[in-house]
file protein10.cif (mmCIF, C-alpha atoms)
data_structure
#
loop_
_atom_site.group_PDB
_atom_site.id
_atom_site.type_symbol
_atom_site.label_atom_id
_atom_site.label_comp_id
_atom_site.auth_asym_id
_atom_site.auth_seq_id
_atom_site.Cartn_x
_atom_site.Cartn_y
_atom_site.Cartn_z
ATOM 1 C CA MET A 17 -4.623 10.934 -19.104
ATOM 2 C CA MET A 18 -2.571 11.388 -15.943
ATOM 3 C CA LYS A 19 -2.466 8.372 -13.635
ATOM 4 C CA ARG A 20 -3.706 8.978 -10.099
ATOM 5 C CA ILE A 21 -2.063 7.158 -7.192
ATOM 6 C CA ALA A 22 -3.336 6.790 -3.622
ATOM 7 C CA ILE A 23 -0.723 6.298 -0.919
ATOM 8 C CA LEU A 24 -2.223 5.359 2.421
ATOM 9 C CA VAL A 25 -0.985 7.046 5.590
ATOM 10 C CA GLU A 26 -1.579 6.469 9.288
ATOM 11 C CA ASP A 27 0.524 6.919 12.414
ATOM 12 C CA LEU A 28 3.755 4.926 12.711
ATOM 13 C CA PHE A 29 4.313 4.571 8.949
ATOM 14 C CA ASP A 30 7.821 3.677 7.818
ATOM 15 C CA ASP A 31 9.421 6.908 6.587
ATOM 16 C CA LYS A 32 11.278 5.378 3.630
ATOM 17 C CA GLU A 33 8.353 3.199 2.539
ATOM 18 C CA LEU A 34 6.096 6.247 2.218
ATOM 19 C CA LEU A 35 8.532 8.920 1.002
ATOM 20 C CA TYR A 36 10.379 6.903 -1.645
ATOM 21 C CA PRO A 37 7.177 5.828 -3.480
ATOM 22 C CA TYR A 38 5.620 9.277 -2.991
ATOM 23 C CA TYR A 39 8.446 11.151 -4.696
ATOM 24 C CA ARG A 40 9.043 8.484 -7.379
ATOM 25 C CA MET A 41 5.370 8.689 -8.392
ATOM 26 C CA LEU A 42 5.541 12.496 -8.549
ATOM 27 C CA GLU A 43 8.753 12.224 -10.561
ATOM 28 C CA GLU A 44 6.886 10.065 -13.108
ATOM 29 C CA GLY A 45 4.277 12.798 -13.494
ATOM 30 C CA PHE A 46 1.487 10.999 -11.642
ATOM 31 C CA LYS A 47 -1.045 12.748 -9.387
ATOM 32 C CA VAL A 48 -0.376 11.446 -5.875
ATOM 33 C CA ASP A 49 -2.774 11.756 -2.938
ATOM 34 C CA LEU A 50 -2.043 10.822 0.664
ATOM 35 C CA ILE A 51 -5.114 9.102 2.062
ATOM 36 C CA GLY A 52 -5.674 8.787 5.814
ATOM 37 C CA SER A 53 -8.616 7.924 8.006
ATOM 38 C CA GLU A 54 -9.093 11.701 8.384
ATOM 39 C CA LYS A 55 -8.666 14.583 5.914
ATOM 40 C CA HIS A 56 -5.890 17.174 6.428
ATOM 41 C CA VAL A 57 -4.519 15.429 9.513
ATOM 42 C CA SER A 58 -0.794 15.124 10.166
ATOM 43 C CA TYR A 59 0.282 11.543 10.762
ATOM 44 C CA LYS A 60 3.570 10.787 12.518
ATOM 45 C CA SER A 61 6.085 8.261 11.178
ATOM 46 C CA LYS A 62 8.120 5.816 13.257
ATOM 47 C CA HIS A 63 10.861 8.467 13.417
ATOM 48 C CA GLY A 64 8.662 11.520 14.035
ATOM 49 C CA LEU A 65 8.225 12.813 10.466
ATOM 50 C CA LEU A 66 4.817 14.402 9.911
ATOM 51 C CA MET A 67 2.892 13.863 6.662
ATOM 52 C CA LYS A 68 -0.533 15.457 6.143
ATOM 53 C CA SER A 69 -3.325 13.564 4.417
ATOM 54 C CA ASP A 70 -4.972 15.106 1.364
ATOM 55 C CA PHE A 71 -8.217 13.169 1.763
ATOM 56 C CA ALA A 72 -10.005 10.837 4.160
ATOM 57 C CA SER A 73 -10.726 7.320 2.929
ATOM 58 C CA LYS A 74 -14.461 7.984 3.405
ATOM 59 C CA ASP A 75 -14.262 10.781 0.807
ATOM 60 C CA ILE A 76 -12.605 8.866 -2.052
ATOM 61 C CA SER A 77 -13.537 6.153 -4.511
ATOM 62 C CA ALA A 78 -11.563 3.397 -6.211
ATOM 63 C CA ASN A 79 -13.005 4.777 -9.461
ATOM 64 C CA ASP A 80 -10.703 7.797 -9.069
ATOM 65 C CA TYR A 81 -7.401 5.893 -8.732
ATOM 66 C CA ASP A 82 -5.169 3.695 -10.865
ATOM 67 C CA ALA A 83 -3.185 2.223 -7.959
ATOM 68 C CA VAL A 84 -2.864 2.202 -4.192
ATOM 69 C CA ILE A 85 0.416 1.904 -2.290
ATOM 70 C CA ILE A 86 0.419 0.640 1.287
ATOM 71 C CA PRO A 87 3.601 1.568 3.190
ATOM 72 C CA GLY A 88 4.697 -0.539 6.119
ATOM 73 C CA GLY A 89 5.717 0.242 9.642
ATOM 74 C CA PHE A 90 2.939 -0.316 12.155
ATOM 75 C CA SER A 91 0.553 1.923 10.165
ATOM 76 C CA PRO A 92 -1.221 -0.910 8.283
ATOM 77 C CA ASP A 93 -2.596 -2.094 11.624
ATOM 78 C CA TYR A 94 -4.184 1.340 12.083
ATOM 79 C CA MET A 95 -5.339 1.408 8.462
ATOM 80 C CA ARG A 96 -7.312 -1.810 8.841
ATOM 81 C CA ARG A 97 -9.154 -0.342 11.842
ATOM 82 C CA THR A 98 -10.882 2.166 9.537
ATOM 83 C CA GLN A 99 -13.647 0.374 7.620
ATOM 84 C CA LYS A 100 -13.662 2.951 4.788
ATOM 85 C CA THR A 101 -9.940 2.317 4.194
ATOM 86 C CA VAL A 102 -10.581 -1.440 4.109
ATOM 87 C CA ASP A 103 -13.500 -0.856 1.722
ATOM 88 C CA PHE A 104 -11.353 1.325 -0.573
ATOM 89 C CA VAL A 105 -8.666 -1.360 -0.925
ATOM 90 C CA LYS A 106 -11.325 -4.049 -1.372
ATOM 91 C CA GLU A 107 -12.907 -2.039 -4.220
ATOM 92 C CA MET A 108 -9.490 -1.419 -5.823
ATOM 93 C CA ASN A 109 -9.058 -5.196 -5.862
ATOM 94 C CA THR A 110 -12.570 -5.811 -7.207
ATOM 95 C CA GLN A 111 -11.736 -3.443 -10.081
ATOM 96 C CA GLY A 112 -8.434 -5.273 -10.695
ATOM 97 C CA LYS A 113 -6.381 -2.171 -9.988
ATOM 98 C CA LEU A 114 -2.805 -2.286 -8.772
ATOM 99 C CA ILE A 115 -2.367 -2.829 -5.038
ATOM 100 C CA ALA A 116 1.232 -2.488 -3.860
ATOM 101 C CA ALA A 117 2.252 -3.239 -0.283
ATOM 102 C CA ILE A 118 5.607 -3.374 1.451
ATOM 103 C CA CYS A 119 6.758 -4.637 4.841
ATOM 104 C CA HIS A 120 3.640 -4.902 7.070
ATOM 105 C CA GLY A 121 1.406 -3.558 4.263
ATOM 106 C CA PRO A 122 -0.039 -7.025 3.552
ATOM 107 C CA TRP A 123 -1.851 -6.742 6.911
ATOM 108 C CA LEU A 124 -4.301 -4.388 5.204
ATOM 109 C CA MET A 125 -4.563 -6.686 2.178
ATOM 110 C CA ILE A 126 -5.441 -9.566 4.520
ATOM 111 C CA SER A 127 -8.340 -7.463 5.846
ATOM 112 C CA SER A 128 -9.418 -6.243 2.390
ATOM 113 C CA CYS A 129 -8.746 -8.885 -0.261
ATOM 114 C CA ASP A 130 -9.317 -12.548 -0.904
ATOM 115 C CA LEU A 131 -5.748 -13.845 -0.819
ATOM 116 C CA SER A 132 -6.614 -17.502 -1.454
ATOM 117 C CA ASN A 133 -4.087 -19.103 -3.793
ATOM 118 C CA ARG A 134 -2.206 -15.812 -4.274
ATOM 119 C CA LYS A 135 1.535 -15.257 -3.851
ATOM 120 C CA LEU A 136 2.819 -12.450 -1.630
ATOM 121 C CA THR A 137 5.805 -11.350 0.363
ATOM 122 C CA GLY A 138 6.217 -8.952 3.249
ATOM 123 C CA PHE A 139 8.265 -8.477 6.376
ATOM 124 C CA HIS A 140 9.201 -11.929 7.730
ATOM 125 C CA SER A 141 7.008 -11.533 10.818
ATOM 126 C CA VAL A 142 3.826 -11.295 8.695
ATOM 127 C CA LYS A 143 4.579 -14.597 6.931
ATOM 128 C CA VAL A 144 2.202 -16.530 9.198
ATOM 129 C CA ASP A 145 -0.559 -13.928 8.699
ATOM 130 C CA ILE A 146 -0.182 -14.144 4.914
ATOM 131 C CA GLU A 147 -0.267 -17.944 5.012
ATOM 132 C CA ASN A 148 -3.269 -17.979 7.385
ATOM 133 C CA ALA A 149 -5.083 -15.784 4.831
ATOM 134 C CA GLY A 150 -4.628 -18.556 2.249
ATOM 135 C CA ALA A 151 -1.719 -17.098 0.290
ATOM 136 C CA THR A 152 1.747 -18.502 -0.334
ATOM 137 C CA TYR A 153 4.560 -16.485 1.256
ATOM 138 C CA LEU A 154 7.670 -16.086 -0.901
ATOM 139 C CA ASP A 155 10.893 -14.717 0.601
ATOM 140 C CA GLN A 156 11.798 -12.552 -2.418
ATOM 141 C CA GLU A 157 12.555 -8.849 -2.836
ATOM 142 C CA VAL A 158 9.405 -8.421 -4.935
ATOM 143 C CA VAL A 159 6.451 -10.657 -5.778
ATOM 144 C CA LEU A 160 4.094 -9.805 -8.633
ATOM 145 C CA ASP A 161 0.857 -11.805 -8.684
ATOM 146 C CA GLY A 162 -1.857 -10.386 -10.908
ATOM 147 C CA ASN A 163 -2.687 -6.907 -9.600
ATOM 148 C CA PHE A 164 -0.614 -7.380 -6.404
ATOM 149 C CA VAL A 165 2.961 -6.148 -5.958
ATOM 150 C CA THR A 166 4.557 -6.890 -2.578
ATOM 151 C CA SER A 167 8.009 -6.439 -1.067
ATOM 152 C CA ARG A 168 9.690 -7.134 2.270
ATOM 153 C CA THR A 169 11.680 -4.153 3.578
ATOM 154 C CA PRO A 170 13.029 -0.700 2.636
ATOM 155 C CA ASN A 171 16.020 -2.490 1.057
ATOM 156 C CA ASP A 172 13.585 -3.796 -1.593
ATOM 157 C CA LEU A 173 12.266 -0.329 -2.523
ATOM 158 C CA PRO A 174 14.205 0.026 -5.827
ATOM 159 C CA VAL A 175 12.815 -3.212 -7.315
ATOM 160 C CA PHE A 176 9.406 -2.603 -5.673
ATOM 161 C CA MET A 177 9.127 0.757 -7.425
ATOM 162 C CA LYS A 178 10.476 -0.523 -10.759
ATOM 163 C CA THR A 179 7.820 -3.259 -10.710
ATOM 164 C CA ILE A 180 5.013 -0.827 -9.827
ATOM 165 C CA LEU A 181 6.057 1.593 -12.552
ATOM 166 C CA LYS A 182 6.342 -1.186 -15.141
ATOM 167 C CA GLU A 183 2.816 -2.360 -14.261
ATOM 168 C CA LEU A 184 1.401 1.181 -14.497
ATOM 169 C CA LYS A 185 2.845 1.846 -17.968
#
call {"tool": "encode", "arguments": {"input": "protein10.cif", "output": "C-alpha cells"}}
result
Amino acid sequence: MMKRIAILVEDLFDDKELLYPYYRMLEEGFKVDLIGSEKHVSYKSKHGLLMKSDFASKDISANDYDAVIIPGGFSPDYMRRTQKTVDFVKEMNTQGKLIAAICHGPWLMISSCDLSNRKLTGFHSVKVDIENAGATYLDQEVVLDGNFVTSRTPNDLPVFMKTILKELK
C-alpha cells in the first residue's frame, strides 16, 4: 500500500525545507498532500514562491496519513494558530505516527505534543521553547526520538530526509 505523507504549508515557509522533502517523497513513490489552514489557497514562502494547498487541515484525518512533515521558516507560528492543524498533529502523535520537523517546525510540536522527557533539535533560537516544553535540546543535524525526527536548518536536509525515509520503510 502506498504511503501517504502530509506536508504542512502556511505563509512564510522556508522554500528549501518544503520543496526538498516534497520532491524526495514523490521520488520515493509516496502520495504527498500539502495541507494548509485553507484548501486550494496559495501560500507564499519567505522568498515569494507560491505553493497551493491540496486540503485544509479541517478536512483531513490522521487516519489517512503515515507521516507529517513540518517545514520551518516563520510558517509554524501560523500553523499553530489554526486549531485543526494543531489537532491533526496531536492525533498523529497519539497514533504514534512519524512527525518530522525542521528549523522552527518544533514550534508546532510544542503546541500539539507532550514533549516531556523527549529529545529534539531545531533552529538555535527555538532551543529555549523546546526546553520550556519539557524536552532536551540537542545541537545535532538530526535527532530521532521515538516517532519524532527533528533537524536544525536547510543544511541538515540530506540527513533529515534519510532518517525520515529509513523510518518509513
call {"tool": "residues_around", "arguments": {"input": "protein10.cif", "residues": "Ser127 (chain A)", "least_positions_apart": "6", "cutoff": "10 Å", "atoms": "all atoms listed in the file", "output": "list of chain:residue names"}}
result
A:Pro92, A:Asp93, A:Met95, A:Arg96, A:Arg97, A:Gln99, A:Val102, A:Asp103, A:Val105, A:Lys106, A:Ala149
call {"tool": "residues_around", "arguments": {"input": "protein10.cif", "residues": "Glu107 (chain A)", "least_positions_apart": "6", "cutoff": "9 Å", "atoms": "all atoms listed in the file", "output": "number ranges by chain"}}
result
A: 77-79, 113, 128-129
call {"tool": "atom_distance", "arguments": {"input": "protein10.cif", "atom1": "CA of Leu131 (chain A)", "atom2": "CA of Phe90 (chain A)"}}
result
20.7 Å
call {"tool": "residues_around", "arguments": {"input": "protein10.cif", "residues": "Val25 (chain A)", "least_positions_apart": "3", "cutoff": "8 Å", "atoms": "all atoms listed in the file", "output": "ChimeraX atom specification"}}
result
/A:29,34,50-52,59,67,69,86-87,91,95
call {"tool": "residues_around", "arguments": {"input": "protein10.cif", "residues": "Lys32 (chain A)", "least_positions_apart": "5", "cutoff": "9 Å", "atoms": "all atoms listed in the file", "output": "list in words"}}
result
Pro37, Pro87, Pro170 and Leu173 of chain A
call {"tool": "closest_residue", "arguments": {"input": "protein10.cif", "among": "A:Lys185, A:His120, A:Lys19, A:Lys60", "to": "Val142 (chain A)", "atoms": "only C-alpha atoms"}}
result
A:His120
call {"tool": "residues_around", "arguments": {"input": "protein10.cif", "residues": "Gly45 (chain A)", "least_positions_apart": "5", "cutoff": "10 Å", "atoms": "all atoms listed in the file", "output": "NGL selection string"}}
result
:A and (18-20 or 39-40)
call {"tool": "atom_distance", "arguments": {"input": "protein10.cif", "atom1": "CA of Arg168 (chain A)", "atom2": "CA of Phe71 (chain A)"}}
result
27.1 Å
call {"tool": "atom_distance", "arguments": {"input": "protein10.cif", "atom1": "CA of Ser73 (chain A)", "atom2": "CA of Met177 (chain A)"}}
result
23.3 Å
call {"tool": "closest_residue", "arguments": {"input": "protein10.cif", "among": "A:Leu42, A:Cys119, A:Leu28, A:Val175", "to": "Ser141 (chain A)", "atoms": "only C-alpha atoms"}}
result
A:Cys119
call {"tool": "resolve_selection", "arguments": {"input": "protein10.cif", "expression": "the PyMOL selection byres ((chain A and resi 179) around 10)", "output": "PDB file with C-alpha atoms, in the frame of the given file"}}
result
ATOM      1  CA  ALA A 116       1.232  -2.488  -3.860  1.00  0.00           C
ATOM      2  CA  VAL A 158       9.405  -8.421  -4.935  1.00  0.00           C
ATOM      3  CA  VAL A 159       6.451 -10.657  -5.778  1.00  0.00           C
ATOM      4  CA  LEU A 160       4.094  -9.805  -8.633  1.00  0.00           C
ATOM      5  CA  VAL A 165       2.961  -6.148  -5.958  1.00  0.00           C
ATOM      6  CA  THR A 166       4.557  -6.890  -2.578  1.00  0.00           C
ATOM      7  CA  LEU A 173      12.266  -0.329  -2.523  1.00  0.00           C
ATOM      8  CA  PRO A 174      14.205   0.026  -5.827  1.00  0.00           C
ATOM      9  CA  VAL A 175      12.815  -3.212  -7.315  1.00  0.00           C
ATOM     10  CA  PHE A 176       9.406  -2.603  -5.673  1.00  0.00           C
ATOM     11  CA  MET A 177       9.127   0.757  -7.425  1.00  0.00           C
ATOM     12  CA  LYS A 178      10.476  -0.523 -10.759  1.00  0.00           C
ATOM     13  CA  ILE A 180       5.013  -0.827  -9.827  1.00  0.00           C
ATOM     14  CA  LEU A 181       6.057   1.593 -12.552  1.00  0.00           C
ATOM     15  CA  LYS A 182       6.342  -1.186 -15.141  1.00  0.00           C
ATOM     16  CA  GLU A 183       2.816  -2.360 -14.261  1.00  0.00           C
ATOM     17  CA  LEU A 184       1.401   1.181 -14.497  1.00  0.00           C
TER      18      LEU A 184
END
call {"tool": "closest_residue", "arguments": {"input": "protein10.cif", "among": "A:Asn163, A:Ile23, A:Tyr38, A:Leu124", "to": "Thr110 (chain A)", "atoms": "only C-alpha atoms"}}
result
A:Asn163
call {"tool": "decode", "arguments": {"input": "protein10.cif", "residues": "region 50-83 of chain A", "atoms": "C-alpha atoms", "output": "PDB file, in the first residue's frame"}}
result
ATOM      1  CA  LEU A  50       0.146  19.910   1.014  1.00  0.00           C
ATOM      2  CA  ILE A  51      -2.052  20.774   3.975  1.00  0.00           C
ATOM      3  CA  GLY A  52      -2.846  24.390   4.865  1.00  0.00           C
ATOM      4  CA  SER A  53      -5.378  26.095   7.075  1.00  0.00           C
ATOM      5  CA  GLU A  54      -7.438  26.566   3.886  1.00  0.00           C
ATOM      6  CA  LYS A  55      -7.989  24.311   0.852  1.00  0.00           C
ATOM      7  CA  HIS A  56      -6.637  25.332  -2.585  1.00  0.00           C
ATOM      8  CA  VAL A  57      -5.016  28.503  -1.259  1.00  0.00           C
ATOM      9  CA  SER A  58      -1.608  29.672  -2.449  1.00  0.00           C
ATOM     10  CA  TYR A  59       0.800  30.259   0.414  1.00  0.00           C
ATOM     11  CA  LYS A  60       3.880  32.435  -0.077  1.00  0.00           C
ATOM     12  CA  SER A  61       7.357  31.362   1.045  1.00  0.00           C
ATOM     13  CA  LYS A  62       9.985  33.604   2.632  1.00  0.00           C
ATOM     14  CA  HIS A  63      11.319  34.272  -0.881  1.00  0.00           C
ATOM     15  CA  GLY A  64       7.986  34.700  -2.682  1.00  0.00           C
ATOM     16  CA  LEU A  65       7.450  31.165  -4.031  1.00  0.00           C
ATOM     17  CA  LEU A  66       3.776  30.195  -4.126  1.00  0.00           C
ATOM     18  CA  MET A  67       2.634  26.683  -3.171  1.00  0.00           C
ATOM     19  CA  LYS A  68      -1.060  25.746  -3.260  1.00  0.00           C
ATOM     20  CA  SER A  69      -2.584  23.555  -0.569  1.00  0.00           C
ATOM     21  CA  ASP A  70      -4.371  20.367  -1.594  1.00  0.00           C
ATOM     22  CA  PHE A  71      -6.523  20.210   1.535  1.00  0.00           C
ATOM     23  CA  ALA A  72      -7.421  22.221   4.623  1.00  0.00           C
ATOM     24  CA  SER A  73      -6.453  20.746   7.982  1.00  0.00           C
ATOM     25  CA  LYS A  74     -10.147  20.708   8.963  1.00  0.00           C
ATOM     26  CA  ASP A  75     -10.852  18.291   6.087  1.00  0.00           C
ATOM     27  CA  ILE A  76      -8.234  15.619   6.856  1.00  0.00           C
ATOM     28  CA  SER A  77      -7.655  12.935   9.453  1.00  0.00           C
ATOM     29  CA  ALA A  78      -4.528  11.419  10.969  1.00  0.00           C
ATOM     30  CA  ASN A  79      -6.041   8.058   9.986  1.00  0.00           C
ATOM     31  CA  ASP A  80      -5.283   8.909   6.343  1.00  0.00           C
ATOM     32  CA  TYR A  81      -1.547   9.634   6.745  1.00  0.00           C
ATOM     33  CA  ASP A  82       1.627   7.751   7.606  1.00  0.00           C
ATOM     34  CA  ALA A  83       3.705  10.845   8.415  1.00  0.00           C
TER      35      ALA A  83
END
